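Visitor: Before I ask anything, here is the structure I am working with.
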Amino acid sequence: MDGGLGALIEPLLPPWPEKAPGPPPVPARLPLEGMLYVLHNDIAWQLLPLELGFGSGQTRWRRLDRWQKAGGFGRLHRVLLAELNAAGELDWSRACVDGSHVRAEKREPTPARRRSTGGRRAANTTWSAADAAPH
């Protein structure tokens with residue numbers, strides 16, 4: 001990737017294995033641009049136009065999966081937030097915390113309350129006309 005944002009992103013993405021089967025991979029910039037195109041245009045991976053030069057949607061999806069499993073996007077997110085914050089480009093008054101991104105406290109679980117199954121008579125579930133008659 002050339003300069004600017006590319007210089008920040010490329011070191012965060014895992015290198016392609018030297019002994020990977022198949023043809024040599026395309027430069028990391030192309031899959032990333034293809035991913036952004038898919039997300040921006042809200043289309044399925046399979047609908048990524050080959051004419052744009054990003055390769056097939058399936059190839060881009062596999063690269064995304066590989067980068068995600070290697071933790072590349074978590075690192076990218078932190079670096080971009082730090083860069084934007086340093087440039088004064090983030091409005092933290094509009095920030096919110098999503099529970100899926102916050103670690104839960106490690107403490108003893110509260111024991112669940114359990115209903116007793118003994119010690120009292122079961123409710124009568126049979127009904128007859130005599131039960132309904134006034135006494």
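In the structure tokens, chains take letters A, B, ... by order of appearance, with residues numbered from 1 within each chain and ligands from 1 in the order shown.
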Residues near region 60-66 of chain A, anyone? I mean within 6 Å using only C-alpha atoms, not counting same-chain ones fewer than 3 positions away, as an MDAnalysis selection string.

Guide: chainID A and resid 31 57 69

Visitor: For a test of reading the model, state the distance in Å between CA of Pro17 (chain A) and CA of Gln58 (chain A), rounded to one decimal.

Guide: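 We find that CA of Pro17 (chain A) and CA of Gln58 (chain A) lie 18.7 Å from each other.
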
Visitor: Neighbours of Ser56 (chain A) within 12 Å (only C-alpha atoms; same-chain residues fewer than 6 positions away dropped), as a tab-separated table (two decimals) with N, CA and C atoms, in the first residue's frame?

Guide:
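Resulting contents of part11.tsv:
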chain	number	residue	atom	x	y	z
A	26	VAL	N	-2.62	-11.43	-4.32
A	26	VAL	CA	-2.61	-10.05	-4.80
A	26	VAL	C	-2.13	-9.17	-3.65
A	30	LEU	N	-5.54	-4.44	-2.55
A	30	LEU	CA	-6.69	-4.82	-3.38
A	30	LEU	C	-7.78	-5.55	-2.59
A	31	PRO	N	-7.44	-6.56	-1.79
A	31	PRO	CA	-8.51	-7.19	-1.00
A	31	PRO	C	-9.17	-6.20	-0.05
A	34	GLY	N	-11.51	-4.07	-1.95
A	34	GLY	CA	-12.68	-4.88	-2.30
A	34	GLY	C	-13.63	-5.05	-1.12
A	35	MET	N	-13.06	-5.25	0.07
A	35	MET	CA	-13.88	-5.39	1.27
A	35	MET	C	-14.65	-4.10	1.54
A	38	VAL	N	-17.54	-3.76	-0.87
A	38	VAL	CA	-18.66	-4.63	-0.49
A	38	VAL	C	-19.43	-4.02	0.67
A	44	ALA	N	-23.52	-8.58	-1.57
A	44	ALA	CA	-22.98	-9.88	-1.19
A	44	ALA	C	-21.58	-10.03	-1.79
A	45	TRP	N	-20.74	-10.80	-1.13
A	45	TRP	CA	-19.38	-11.03	-1.62
A	45	TRP	C	-19.39	-11.54	-3.06
A	46	GLN	N	-20.34	-12.40	-3.37
A	46	GLN	CA	-20.41	-12.99	-4.70
A	46	GLN	C	-20.74	-11.96	-5.78
A	47	LEU	N	-21.28	-10.81	-5.40
A	47	LEU	CA	-21.66	-9.78	-6.37
A	47	LEU	C	-20.57	-8.74	-6.60
A	48	LEU	N	-19.41	-8.92	-6.01
A	48	LEU	CA	-18.31	-7.99	-6.22
A	48	LEU	C	-17.89	-8.06	-7.69
A	49	PRO	N	-18.03	-6.96	-8.44
A	49	PRO	CA	-17.72	-6.99	-9.87
A	49	PRO	C	-16.24	-7.27	-10.13
A	50	LEU	N	-15.96	-8.28	-10.94
A	50	LEU	CA	-14.57	-8.62	-11.28
A	50	LEU	C	-13.90	-7.49	-12.05
A	62	ARG	N	-12.27	-14.80	1.91
A	62	ARG	CA	-11.28	-15.66	2.57
A	62	ARG	C	-10.17	-14.81	3.19
A	63	ARG	N	-9.72	-13.76	2.50
A	63	ARG	CA	-8.69	-12.90	3.05
A	63	ARG	C	-9.21	-12.17	4.29

Visitor: Just to confirm, what's the straight-line distance from CA of Glu33 (chain A) to CA of Ala87 (chain A) in Å (one decimal)?

Guide: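 Separation of CA of Glu33 (chain A) and CA of Ala87 (chain A): 23.8 Å.
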
Visitor: Excluding region 77-84 of chain A and residues on its chain fewer than 6 positions from it, collect all residues at most 9 Å away from it, counting only C-alpha atoms, and give them as a list in words.

Guide: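 Non-adjacent residues within range: Leu5, Leu8, Ile9 and Leu90 of chain A.
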
Visitor: Please produce a file of those selected residues containing C-alpha atoms, as a PDB file, in the first residue's frame.

Guide:
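Listed below is the output, out-v9.pdb:
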ATOM      1  CA  LEU A   5      -3.452   5.240   5.447  1.00  0.00           C
ATOM      2  CA  LEU A   8      -0.679   2.428   8.824  1.00  0.00           C
ATOM      3  CA  ILE A   9      -2.697  -0.553   7.666  1.00  0.00           C
ATOM      4  CA  LEU A  90     -13.290  12.198  17.121  1.00  0.00           C
TER       5      LEU A  90
END
